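Trainee: I'm passing along upload.pdb; it holds PDB, C-alpha atoms and all ligand atoms.
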ATOM      1  CA  MET A 197      -3.928 149.861  88.686  1.00  0.00           C
ATOM      2  CA  ILE A 198      -7.526 150.473  87.632  1.00  0.00           C
ATOM      3  CA  LEU A 199      -8.449 153.162  90.122  1.00  0.00           C
ATOM      4  CA  LYS A 200     -11.196 155.753  90.018  1.00  0.00           C
ATOM      5  CA  ARG A 201      -9.868 159.230  89.089  1.00  0.00           C
ATOM      6  CA  GLU A 202     -11.576 162.559  89.834  1.00  0.00           C
ATOM      7  CA  ILE A 203     -10.605 166.139  89.065  1.00  0.00           C
ATOM      8  CA  LEU A 204      -9.924 168.263  92.153  1.00  0.00           C
ATOM      9  CA  ILE A 205      -9.201 171.989  92.550  1.00  0.00           C
ATOM     10  CA  THR A 206      -6.157 172.641  94.751  1.00  0.00           C
ATOM     11  CA  SER A 207      -5.556 175.677  97.011  1.00  0.00           C
ATOM     12  CA  ASP A 208      -3.871 177.803  94.330  1.00  0.00           C
ATOM     13  CA  GLY A 209      -6.858 177.292  91.993  1.00  0.00           C
ATOM     14  CA  SER A 210      -5.141 174.758  89.718  1.00  0.00           C
ATOM     15  CA  THR A 211      -6.574 171.313  89.052  1.00  0.00           C
ATOM     16  CA  THR A 212      -5.126 167.945  89.899  1.00  0.00           C
ATOM     17  CA  ILE A 213      -6.353 164.346  89.752  1.00  0.00           C
ATOM     18  CA  HIS A 214      -7.542 162.709  92.947  1.00  0.00           C
ATOM     19  CA  LEU A 215      -7.600 158.936  93.562  1.00  0.00           C
ATOM     20  CA  PRO A 216     -10.324 158.423  96.182  1.00  0.00           C
ATOM     21  CA  ASP A 217      -9.450 154.751  96.765  1.00  0.00           C
ATOM     22  CA  TRP A 218      -5.904 155.678  97.751  1.00  0.00           C
ATOM     23  CA  ASP A 219      -6.621 159.153  99.180  1.00  0.00           C
ATOM     24  CA  GLU A 220      -3.856 160.273  96.813  1.00  0.00           C
ATOM     25  CA  GLN A 221      -3.395 163.197  94.398  1.00  0.00           C
ATOM     26  CA  TYR A 222      -1.205 163.752  91.339  1.00  0.00           C
ATOM     27  CA  HIS A 223      -0.026 167.001  93.011  1.00  0.00           C
ATOM     28  CA  SER A 224      -0.154 168.725  96.377  1.00  0.00           C
ATOM     29  CA  LYS A 225      -3.634 169.759  97.581  1.00  0.00           C
ATOM     30  CA  HIS A 226      -1.930 172.992  98.694  1.00  0.00           C
ATOM     31  CA  GLY A 227      -1.429 174.004  95.056  1.00  0.00           C
ATOM     32  CA  ALA A 228      -0.568 171.867  92.031  1.00  0.00           C
ATOM     33  CA  ILE A 229       1.125 174.583  89.987  1.00  0.00           C
ATOM     34  CA  GLN A 230       2.827 176.062  93.027  1.00  0.00           C
ATOM     35  CA  GLU A 231       4.262 172.689  94.037  1.00  0.00           C
ATOM     36  CA  ALA A 232       5.407 171.820  90.518  1.00  0.00           C
ATOM     37  CA  TYR A 233       7.330 175.101  90.158  1.00  0.00           C
ATOM     38  CA  HIS A 234       8.900 174.795  93.589  1.00  0.00           C
ATOM     39  CA  VAL A 235       9.964 171.142  93.551  1.00  0.00           C
ATOM     40  CA  PHE A 236      10.892 170.601  89.924  1.00  0.00           C
ATOM     41  CA  LEU A 237      11.767 173.993  88.425  1.00  0.00           C
ATOM     42  CA  ARG A 238      13.234 176.032  91.282  1.00  0.00           C
ATOM     43  CA  ALA A 239      14.972 173.126  93.048  1.00  0.00           C
ATOM     44  CA  GLY A 240      15.943 171.131  89.930  1.00  0.00           C
ATOM     45  CA  PHE A 241      15.771 172.895  86.579  1.00  0.00           C
ATOM     46  CA  ASP A 242      17.376 176.149  87.836  1.00  0.00           C
ATOM     47  CA  GLN A 243      20.307 174.279  89.328  1.00  0.00           C
ATOM     48  CA  VAL A 244      20.996 172.164  86.252  1.00  0.00           C
ATOM     49  CA  THR A 245      20.627 174.998  83.738  1.00  0.00           C
ATOM     50  CA  GLU A 246      22.990 177.367  85.535  1.00  0.00           C
ATOM     51  CA  ASN A 247      25.867 176.278  83.315  1.00  0.00           C
ATOM     52  CA  ASN A 248      24.165 174.076  80.753  1.00  0.00           C
ATOM     53  CA  LYS A 249      21.792 175.381  78.093  1.00  0.00           C
ATOM     54  CA  SER A 250      21.009 172.003  76.559  1.00  0.00           C
ATOM     55  CA  ILE A 251      19.739 169.374  78.975  1.00  0.00           C
ATOM     56  CA  SER A 252      17.891 166.078  79.091  1.00  0.00           C
ATOM     57  CA  ILE A 253      15.175 165.396  81.647  1.00  0.00           C
ATOM     58  CA  LEU A 254      13.511 162.149  82.751  1.00  0.00           C
ATOM     59  CA  GLU A 255      10.123 162.469  84.380  1.00  0.00           C
ATOM     60  CA  ILE A 256       8.921 159.669  86.635  1.00  0.00           C
ATOM     61  CA  GLY A 257       5.184 159.905  86.121  1.00  0.00           C
ATOM     62  CA  PHE A 258       4.131 162.032  83.119  1.00  0.00           C
ATOM     63  CA  GLY A 259       0.543 162.137  84.443  1.00  0.00           C
ATOM     64  CA  THR A 260      -1.250 165.375  83.536  1.00  0.00           C
ATOM     65  CA  GLY A 261       1.719 166.818  81.640  1.00  0.00           C
ATOM     66  CA  LEU A 262       1.923 169.781  84.038  1.00  0.00           C
ATOM     67  CA  ASN A 263       5.639 169.355  84.758  1.00  0.00           C
ATOM     68  CA  ALA A 264       6.431 168.924  81.077  1.00  0.00           C
ATOM     69  CA  PHE A 265       4.418 172.015  80.150  1.00  0.00           C
ATOM     70  CA  ILE A 266       5.909 174.353  82.759  1.00  0.00           C
ATOM     71  CA  THR A 267       9.371 173.064  81.836  1.00  0.00           C
ATOM     72  CA  PHE A 268       8.628 173.953  78.211  1.00  0.00           C
ATOM     73  CA  LEU A 269       7.506 177.490  79.231  1.00  0.00           C
ATOM     74  CA  GLU A 270      10.538 178.031  81.434  1.00  0.00           C
ATOM     75  CA  ALA A 271      12.998 176.618  78.918  1.00  0.00           C
ATOM     76  CA  ARG A 272      11.685 178.899  76.204  1.00  0.00           C
ATOM     77  CA  GLU A 273      12.034 181.940  78.440  1.00  0.00           C
ATOM     78  CA  LYS A 274      15.592 180.985  79.405  1.00  0.00           C
ATOM     79  CA  ALA A 275      16.612 179.793  75.931  1.00  0.00           C
ATOM     80  CA  VAL A 276      17.392 176.268  77.102  1.00  0.00           C
ATOM     81  CA  LYS A 277      17.167 173.318  74.727  1.00  0.00           C
ATOM     82  CA  ILE A 278      15.370 170.310  76.198  1.00  0.00           C
ATOM     83  CA  LYS A 279      15.154 166.601  75.534  1.00  0.00           C
ATOM     84  CA  TYR A 280      12.346 165.388  77.768  1.00  0.00           C
ATOM     85  CA  VAL A 281      11.349 161.786  78.427  1.00  0.00           C
ATOM     86  CA  GLY A 282       8.103 161.220  80.311  1.00  0.00           C
ATOM     87  CA  VAL A 283       7.510 157.695  81.611  1.00  0.00           C
ATOM     88  CA  GLU A 284       3.954 156.719  82.449  1.00  0.00           C
ATOM     89  CA  ALA A 285       2.246 153.335  82.729  1.00  0.00           C
ATOM     90  CA  TYR A 286      -1.330 154.634  83.017  1.00  0.00           C
ATOM     91  CA  PRO A 287      -1.887 157.601  80.659  1.00  0.00           C
ATOM     92  CA  ILE A 288      -4.836 159.859  81.385  1.00  0.00           C
ATOM     93  CA  SER A 289      -7.667 160.129  78.851  1.00  0.00           C
ATOM     94  CA  SER A 290      -8.336 163.054  76.489  1.00  0.00           C
ATOM     95  CA  GLU A 291     -11.537 163.752  78.490  1.00  0.00           C
ATOM     96  CA  GLU A 292      -9.430 164.179  81.601  1.00  0.00           C
ATOM     97  CA  VAL A 293      -6.937 166.420  79.784  1.00  0.00           C
ATOM     98  CA  MET A 294      -9.807 168.705  78.769  1.00  0.00           C
ATOM     99  CA  LYS A 295     -10.825 169.172  82.403  1.00  0.00           C
ATOM    100  CA  LEU A 296      -7.395 170.450  83.464  1.00  0.00           C
ATOM    101  CA  ASN A 297      -7.178 174.231  83.864  1.00  0.00           C
ATOM    102  CA  TYR A 298      -3.417 174.763  83.504  1.00  0.00           C
ATOM    103  CA  ILE A 299      -3.720 176.954  80.416  1.00  0.00           C
ATOM    104  CA  GLU A 300      -6.045 179.405  82.208  1.00  0.00           C
ATOM    105  CA  GLU A 301      -4.166 179.328  85.505  1.00  0.00           C
ATOM    106  CA  LEU A 302      -0.803 179.873  83.805  1.00  0.00           C
ATOM    107  CA  LYS A 303      -2.314 182.512  81.493  1.00  0.00           C
ATOM    108  CA  ALA A 304      -0.837 180.575  78.610  1.00  0.00           C
ATOM    109  CA  ALA A 305      -3.619 180.713  75.998  1.00  0.00           C
ATOM    110  CA  LYS A 306      -1.053 181.338  73.260  1.00  0.00           C
ATOM    111  CA  GLU A 307       0.727 178.118  74.231  1.00  0.00           C
ATOM    112  CA  GLN A 308      -2.381 175.918  74.183  1.00  0.00           C
ATOM    113  CA  ARG A 309      -1.217 174.099  71.066  1.00  0.00           C
ATOM    114  CA  TYR A 310       1.998 172.988  72.756  1.00  0.00           C
ATOM    115  CA  PHE A 311       0.102 171.550  75.728  1.00  0.00           C
ATOM    116  CA  ASP A 312      -2.314 169.804  73.375  1.00  0.00           C
ATOM    117  CA  ALA A 313       0.579 168.413  71.350  1.00  0.00           C
ATOM    118  CA  MET A 314       2.173 166.976  74.475  1.00  0.00           C
ATOM    119  CA  HIS A 315      -0.963 164.919  75.009  1.00  0.00           C
ATOM    120  CA  THR A 316      -1.800 163.956  71.429  1.00  0.00           C
ATOM    121  CA  ILE A 317       1.628 162.877  70.126  1.00  0.00           C
ATOM    122  CA  SER A 318       2.185 159.151  69.842  1.00  0.00           C
ATOM    123  CA  TRP A 319       3.921 157.160  72.533  1.00  0.00           C
ATOM    124  CA  GLU A 320       7.411 155.640  72.193  1.00  0.00           C
ATOM    125  CA  GLN A 321       8.574 158.126  69.547  1.00  0.00           C
ATOM    126  CA  LYS A 322      10.620 161.307  69.706  1.00  0.00           C
ATOM    127  CA  HIS A 323       8.635 164.407  68.753  1.00  0.00           C
ATOM    128  CA  LEU A 324       9.661 168.016  68.377  1.00  0.00           C
ATOM    129  CA  VAL A 325       6.918 169.852  70.259  1.00  0.00           C
ATOM    130  CA  SER A 326       8.807 173.023  69.349  1.00  0.00           C
ATOM    131  CA  GLU A 327      12.200 173.636  67.794  1.00  0.00           C
ATOM    132  CA  ASP A 328      13.872 173.463  71.203  1.00  0.00           C
ATOM    133  CA  PHE A 329      11.695 170.982  73.046  1.00  0.00           C
ATOM    134  CA  GLN A 330      11.893 167.317  72.141  1.00  0.00           C
ATOM    135  CA  LEU A 331       9.421 165.058  73.943  1.00  0.00           C
ATOM    136  CA  THR A 332       9.353 161.274  74.110  1.00  0.00           C
ATOM    137  CA  LYS A 333       6.517 159.692  76.080  1.00  0.00           C
ATOM    138  CA  ARG A 334       7.204 156.115  77.087  1.00  0.00           C
ATOM    139  CA  LYS A 335       4.398 153.862  78.253  1.00  0.00           C
ATOM    140  CA  GLN A 336       6.469 151.858  80.659  1.00  0.00           C
ATOM    141  CA  PHE A 337       6.693 150.755  84.290  1.00  0.00           C
ATOM    142  CA  PHE A 338       9.292 152.644  86.294  1.00  0.00           C
ATOM    143  CA  GLU A 339      10.580 149.258  87.424  1.00  0.00           C
ATOM    144  CA  ASN A 340      11.689 148.561  83.808  1.00  0.00           C
ATOM    145  CA  ILE A 341      13.753 151.703  83.196  1.00  0.00           C
ATOM    146  CA  THR A 342      17.244 150.752  82.031  1.00  0.00           C
ATOM    147  CA  ASP A 343      18.682 154.030  80.644  1.00  0.00           C
ATOM    148  CA  LYS A 344      22.355 154.606  81.467  1.00  0.00           C
ATOM    149  CA  ASN A 345      24.236 157.933  81.794  1.00  0.00           C
ATOM    150  CA  THR A 346      21.555 159.711  79.791  1.00  0.00           C
ATOM    151  CA  PHE A 347      19.874 162.418  81.879  1.00  0.00           C
ATOM    152  CA  ASP A 348      20.983 165.644  83.554  1.00  0.00           C
ATOM    153  CA  LEU A 349      17.853 165.877  85.679  1.00  0.00           C
ATOM    154  CA  ILE A 350      15.180 163.535  87.006  1.00  0.00           C
ATOM    155  CA  TYR A 351      11.791 164.730  88.190  1.00  0.00           C
ATOM    156  CA  PHE A 352      10.892 161.904  90.582  1.00  0.00           C
ATOM    157  CA  ASP A 353       7.127 162.346  90.892  1.00  0.00           C
ATOM    158  CA  ALA A 354       5.751 158.920  91.807  1.00  0.00           C
ATOM    159  CA  PHE A 355       2.761 158.544  94.123  1.00  0.00           C
ATOM    160  CA  GLY A 356       3.622 158.540  97.795  1.00  0.00           C
ATOM    161  CA  ALA A 357       5.288 155.664  99.598  1.00  0.00           C
ATOM    162  CA  LYS A 358       2.166 154.964 101.632  1.00  0.00           C
ATOM    163  CA  ASN A 359       0.473 153.684  98.437  1.00  0.00           C
ATOM    164  CA  GLN A 360       3.445 152.569  96.342  1.00  0.00           C
ATOM    165  CA  PRO A 361       6.284 151.682  98.731  1.00  0.00           C
ATOM    166  CA  GLU A 362       7.884 149.560  95.994  1.00  0.00           C
ATOM    167  CA  LEU A 363       8.722 152.744  94.030  1.00  0.00           C
ATOM    168  CA  TRP A 364      10.759 154.342  96.832  1.00  0.00           C
ATOM    169  CA  THR A 365      13.314 151.571  97.230  1.00  0.00           C
ATOM    170  CA  GLU A 366      17.031 151.086  96.632  1.00  0.00           C
ATOM    171  CA  ALA A 367      16.194 149.025  93.527  1.00  0.00           C
ATOM    172  CA  ILE A 368      14.381 151.965  91.911  1.00  0.00           C
ATOM    173  CA  PHE A 369      16.889 154.596  93.044  1.00  0.00           C
ATOM    174  CA  LEU A 370      19.720 152.486  91.635  1.00  0.00           C
ATOM    175  CA  ARG A 371      17.968 152.638  88.254  1.00  0.00           C
ATOM    176  CA  MET A 372      17.667 156.423  88.666  1.00  0.00           C
ATOM    177  CA  PHE A 373      21.337 156.732  89.665  1.00  0.00           C
ATOM    178  CA  GLU A 374      22.418 154.779  86.602  1.00  0.00           C
ATOM    179  CA  ALA A 375      20.126 156.774  84.303  1.00  0.00           C
ATOM    180  CA  LEU A 376      21.752 160.061  85.372  1.00  0.00           C
ATOM    181  CA  LYS A 377      24.953 161.492  83.952  1.00  0.00           C
ATOM    182  CA  GLU A 378      27.725 162.415  86.367  1.00  0.00           C
ATOM    183  CA  ASN A 379      26.700 165.452  88.409  1.00  0.00           C
ATOM    184  CA  GLY A 380      23.100 164.903  87.357  1.00  0.00           C
ATOM    185  CA  ILE A 381      20.422 165.584  89.951  1.00  0.00           C
ATOM    186  CA  LEU A 382      17.122 164.062  91.036  1.00  0.00           C
ATOM    187  CA  VAL A 383      14.471 166.107  92.802  1.00  0.00           C
ATOM    188  CA  THR A 384      11.406 164.854  94.623  1.00  0.00           C
ATOM    189  CA  TYR A 385       8.730 166.256  96.912  1.00  0.00           C
ATOM    190  CA  SER A 386       9.385 163.487  99.462  1.00  0.00           C
ATOM    191  CA  ALA A 387      11.506 164.155 102.535  1.00  0.00           C
ATOM    192  CA  LYS A 388      11.154 160.762 104.212  1.00  0.00           C
ATOM    193  CA  GLY A 389      14.179 159.460 106.114  1.00  0.00           C
ATOM    194  CA  SER A 390      13.855 155.987 104.585  1.00  0.00           C
ATOM    195  CA  VAL A 391      13.835 157.502 101.080  1.00  0.00           C
ATOM    196  CA  ARG A 392      16.915 159.594 101.838  1.00  0.00           C
ATOM    197  CA  ARG A 393      18.736 156.533 103.176  1.00  0.00           C
ATOM    198  CA  ALA A 394      17.817 154.421 100.135  1.00  0.00           C
ATOM    199  CA  MET A 395      19.197 157.170  97.867  1.00  0.00           C
ATOM    200  CA  GLN A 396      22.418 157.387  99.880  1.00  0.00           C
ATOM    201  CA  THR A 397      22.889 153.622  99.814  1.00  0.00           C
ATOM    202  CA  VAL A 398      22.934 153.555  96.009  1.00  0.00           C
ATOM    203  CA  GLY A 399      25.507 156.368  95.892  1.00  0.00           C
ATOM    204  CA  PHE A 400      23.596 159.645  95.841  1.00  0.00           C
ATOM    205  CA  SER A 401      24.652 162.666  97.832  1.00  0.00           C
ATOM    206  CA  VAL A 402      21.385 163.953  99.312  1.00  0.00           C
ATOM    207  CA  GLU A 403      20.311 167.394 100.558  1.00  0.00           C
ATOM    208  CA  ARG A 404      17.199 168.254 102.518  1.00  0.00           C
ATOM    209  CA  ILE A 405      15.949 171.584 101.225  1.00  0.00           C
ATOM    210  CA  PRO A 406      12.824 173.689 101.959  1.00  0.00           C
ATOM    211  CA  GLY A 407       9.654 172.147 100.562  1.00  0.00           C
ATOM    212  CA  PRO A 408       6.672 173.767  98.819  1.00  0.00           C
ATOM    213  CA  PRO A 409       3.715 175.221 100.798  1.00  0.00           C
ATOM    214  CA  GLY A 410       2.344 172.563 103.144  1.00  0.00           C
ATOM    215  CA  LYS A 411       5.630 170.649 103.267  1.00  0.00           C
ATOM    216  CA  ARG A 412       8.625 171.557 105.420  1.00  0.00           C
ATOM    217  CA  GLU A 413      11.284 169.786 103.371  1.00  0.00           C
ATOM    218  CA  MET A 414      11.966 167.964 100.112  1.00  0.00           C
ATOM    219  CA  LEU A 415      14.987 166.061  98.750  1.00  0.00           C
ATOM    220  CA  ARG A 416      17.576 166.805  96.105  1.00  0.00           C
ATOM    221  CA  ALA A 417      19.977 163.981  95.252  1.00  0.00           C
ATOM    222  CA  THR A 418      23.166 164.449  93.233  1.00  0.00           C
ATOM    223  CA  LYS A 419      25.205 161.823  91.417  1.00  0.00           C
ATOM    224  CA  LYS A 420      28.592 163.164  92.417  1.00  0.00           C
ATOM    225  CA  LYS A 421      31.699 161.984  90.592  1.00  0.00           C
ATOM    226  CA  GLU A 422      32.895 160.088  93.645  1.00  0.00           C
ATOM    227  CA  PRO A 423      29.855 158.230  95.012  1.00  0.00           C
ATOM    228  CA  VAL A 424      29.194 159.397  98.579  1.00  0.00           C
ATOM    229  CA  LYS A 425      27.985 156.625 100.888  1.00  0.00           C
TER     230      LYS A 425
HETATM  231  C1  LIG B   1       2.119 161.789  91.216  1.00  0.00           C
HETATM  232  S1  LIG B   1       1.541 161.237  89.669  1.00  0.00           S
HETATM  233  C2  LIG B   1       2.521 162.124  88.486  1.00  0.00           C
HETATM  234  C3  LIG B   1       2.061 163.539  88.256  1.00  0.00           C
HETATM  235  C4  LIG B   1       2.699 164.156  87.041  1.00  0.00           C
HETATM  236  N1  LIG B   1       4.114 164.362  87.195  1.00  0.00           N
HETATM  237  C5  LIG B   1       1.982 165.415  86.643  1.00  0.00           C
HETATM  238  O1  LIG B   1       2.637 166.487  86.498  1.00  0.00           O
HETATM  239  O2  LIG B   1       0.778 165.352  86.454  1.00  0.00           O
HETATM  240  C6  LIG B   1       2.280 159.607  89.548  1.00  0.00           C
HETATM  241  C7  LIG B   1       2.140 158.968  88.184  1.00  0.00           C
HETATM  242  O3  LIG B   1       2.793 157.703  88.179  1.00  0.00           O
HETATM  243  C8  LIG B   1       2.025 156.782  87.388  1.00  0.00           C
HETATM  244  N2  LIG B   1       2.409 155.429  87.858  1.00  0.00           N
HETATM  245  C9  LIG B   1       2.039 154.812  89.017  1.00  0.00           C
HETATM  246  N3  LIG B   1       2.703 153.643  89.153  1.00  0.00           N
HETATM  247  C10 LIG B   1       3.502 153.512  88.064  1.00  0.00           C
HETATM  248  C11 LIG B   1       4.472 152.537  87.667  1.00  0.00           C
HETATM  249  N4  LIG B   1       4.736 151.487  88.408  1.00  0.00           N
HETATM  250  N5  LIG B   1       5.119 152.741  86.493  1.00  0.00           N
HETATM  251  C12 LIG B   1       4.845 153.821  85.720  1.00  0.00           C
HETATM  252  N6  LIG B   1       3.943 154.783  86.044  1.00  0.00           N
HETATM  253  C13 LIG B   1       3.300 154.639  87.224  1.00  0.00           C
HETATM  254  C14 LIG B   1       0.603 157.184  87.678  1.00  0.00           C
HETATM  255  O4  LIG B   1      -0.253 156.761  86.658  1.00  0.00           O
HETATM  256  C15 LIG B   1       0.709 158.710  87.776  1.00  0.00           C
HETATM  257  O5  LIG B   1       0.476 159.322  86.540  1.00  0.00           O
END
If you convert what's in this file into structure tokens, what do you get?
Mentor:
Amino acid sequence: MILKREILITSDGSTTIHLPDWDEQYHSKHGAIQEAYHVFLRAGFDQVTENNKSISILEIGFGTGLNAFITFLEAREKAVKIKYVGVEAYPISSEEVMKLNYIEELKAAKEQRYFDAMHTISWEQKHLVSEDFQLTKRKQFFENITDKNTFDLIYFDAFGAKNQPELWTEAIFLRMFEALKENGILVTYSAKGSVRRAMQTVGFSVERIPGPPGKREMLRATKKKEPVK
């Protein structure tokens, strides 16, 4: 996937990366930060940390590191301990990282070093970005994920099905189902019927919940004890 990448400013003022060849973005054009908080933190992180103050998260598509960084900020505020695994086959360059404006937009100048660390640490190794935030970046294709019963939460943030239909299939969701612990949840911005059905087929219990600005609905899938078909 050698595609041209450009920096774009979204409606809430935060940057994202745009792929002109695919007419695709790393985040919603209606607001990158806004979408990330809504889909991954409010719909996923809040739910999982209600009764658990030490959780493990798998991110499907580490990309710009925005989800990892806002998870770090939120976890620190709520005193939650995190083990975070970000999978990414096509890491962005340090030049691209420098063009992202998340530190300014999140008014997080004091946390700059944590964001920088997330991008400069080596791949394939566990790193303590802070005392309570362990990050492992894995340069890997989603199709090769084989973790079992490991994660409490999955941020499923692949590009849309119109460009990568192979990532929204039963085969991939089965890998996600197996990677989750019992009662673990997966959240994604997609609300497509075919995606929901693929999740249900592999055993997830799926809810349609309100989406971020510009999107009516999104999906939250739970690995219930008794698989619901
Ligand atoms: C929507 S973007 C992720 C945005 C990211 N969560 C963020 O906060 O910036 C999707 C990511 O998936 C990566 N990707 C695409 N196909 C992949 C594959 N088959 N395996 C692993 N990574 C892939 C892309 O390089 C891109 O970074």
Trainee: If the PyMOL selection byres (((chain A and resi 400) around 9) and not hetatm) were run on this exact file, what residues would it hold? Put them as a list in words.
Mentor: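 Given this file, the PyMOL selection byres (((chain A and resi 400) around 9) and not hetatm) evaluates to Phe369, Phe373, Ile381, Arg392, Ala394, Met395, Gln396, Thr397, Val398, Gly399, Ser401, Val402, Ala417, Thr418, Lys419, Lys420, Pro423, Val424 and Lys425 of chain A.
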Trainee: Give me, as a Markdown table, each residue of region 205-286 of chain A that comes within 10 Å of region 353-362 of chain A, together with its shortest interatomic pair and the distance in Å at one decimal, counting all atoms listed in the file, with rows ordered by chain and rising residue number.
Mentor:
| residue | atom | partner | partner_atom | distance |
| --- | --- | --- | --- | --- |
| A:Trp218 | CA | A:Asn359 | CA | 6.7 |
| A:Asp219 | CA | A:Asn359 | CA | 9.0 |
| A:Glu220 | CA | A:Phe355 | CA | 7.3 |
| A:Gln221 | CA | A:Phe355 | CA | 7.7 |
| A:Tyr222 | CA | A:Phe355 | CA | 7.1 |
| A:His223 | CA | A:Asp353 | CA | 8.8 |
| A:Ala232 | CA | A:Asp353 | CA | 9.6 |
| A:Val235 | CA | A:Asp353 | CA | 9.6 |
| A:Phe236 | CA | A:Asp353 | CA | 9.1 |
| A:Glu255 | CA | A:Asp353 | CA | 7.2 |
| A:Ile256 | CA | A:Asp353 | CA | 5.3 |
| A:Gly257 | CA | A:Asp353 | CA | 5.7 |
| A:Phe258 | CA | A:Asp353 | CA | 8.3 |
| A:Gly259 | CA | A:Asp353 | CA | 9.2 |
| A:Asn263 | CA | A:Asp353 | CA | 9.4 |
| A:Glu284 | CA | A:Ala354 | CA | 9.8 |
Trainee: Go through A:Asn379, A:Ile205, A:Glu374, A:Ala239 and flag the residue nearest Glu403 (chain A), using only C-alpha atoms for the distances.
Mentor: A:Ala239
Trainee: Using all atoms listed in the file for the distances, tell me which of A:Leu415, A:Ala275, A:Leu199, A:Ala313 is nearest to ligand LIG 1 (chain B).
Mentor: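 For ligand LIG 1 (chain B), the nearest of the given residues is A:Leu199.
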Trainee: For the provided coordinates, the residues matched by the PyMOL selection byres (((chain A and resi 214) around 7) and not hetatm) should be stated as a list in words.
Mentor: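 Matching residues under the PyMOL selection byres (((chain A and resi 214) around 7) and not hetatm) are Arg201, Glu202, Ile203, Leu204, Thr212, Ile213, Leu215, Pro216, Glu220, Gln221 and Tyr222 of chain A.
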Trainee: Put the listed atoms of ligand LIG 1 (chain B) in a box along x, y and z with 3 Å added on every side and give me the centre and edge lengths in Å to one decimal, as AutoDock Vina command-line options.
Mentor:
--center_x 2.4 --center_y 159.0 --center_z 88.5 --size_x 11.4 --size_y 21.0 --size_z 11.5
Trainee: So how many Å separate CA of Glu273 (chain A) and CA of Glu320 (chain A), to one decimal?
Mentor: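 CA of Glu320 (chain A) lies at a distance of 27.4 Å from CA of Glu273 (chain A).
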Trainee: Within 8 Å of Met314 (chain A), counting only C-alpha atoms, which residues qualify if same-chain residues fewer than 3 places away don't, as number ranges by chain?
Mentor: A: 261, 265, 310-311, 317, 325, 331
Trainee: Can you list, as a tab-separated table (two decimals) with C-alpha atoms, in the coordinates of the input, the residues that the PyMOL selection byres (((chain A and resi 278) around 8) and not hetatm) selects here?
Mentor:
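File out18.tsv, as written:
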chain	number	residue	atom	x	y	z
A	250	SER	CA	21.01	172.00	76.56
A	251	ILE	CA	19.74	169.37	78.97
A	252	SER	CA	17.89	166.08	79.09
A	253	ILE	CA	15.18	165.40	81.65
A	268	PHE	CA	8.63	173.95	78.21
A	271	ALA	CA	13.00	176.62	78.92
A	276	VAL	CA	17.39	176.27	77.10
A	277	LYS	CA	17.17	173.32	74.73
A	279	LYS	CA	15.15	166.60	75.53
A	280	TYR	CA	12.35	165.39	77.77
A	328	ASP	CA	13.87	173.46	71.20
A	329	PHE	CA	11.70	170.98	73.05
A	330	GLN	CA	11.89	167.32	72.14
Trainee: Using all atoms listed in the file, which of the listed residues (A:Phe241, A:Tyr298, A:Tyr233, A:Phe337) sits closest to ligand LIG 1 (chain B)?
Mentor: A:Phe337
Trainee: Would you mind reading off the distance between CA of Gly380 (chain A) and CA of Asn345 (chain A), one decimal, in Å?
Mentor: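 Going from CA of Gly380 (chain A) over to CA of Asn345 (chain A), I get 9.0 Å.
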Trainee: Could you tell me which of A:Asn340, A:Gln321, A:Ser207, A:Thr316 comes closest to ligand LIG 1 (chain B) if we count only C-alpha atoms and all ligand atoms?
Mentor: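 Looking at the shortest contact to ligand LIG 1 (chain B), the residue is A:Asn340.
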Trainee: Which of these residues is nearest to Glu270 (chain A), using all atoms listed in the file: A:Ala367, A:Ala387, A:Ala304, A:Leu324?
Mentor: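 Smallest distance to Glu270 (chain A) is found for A:Ala304.
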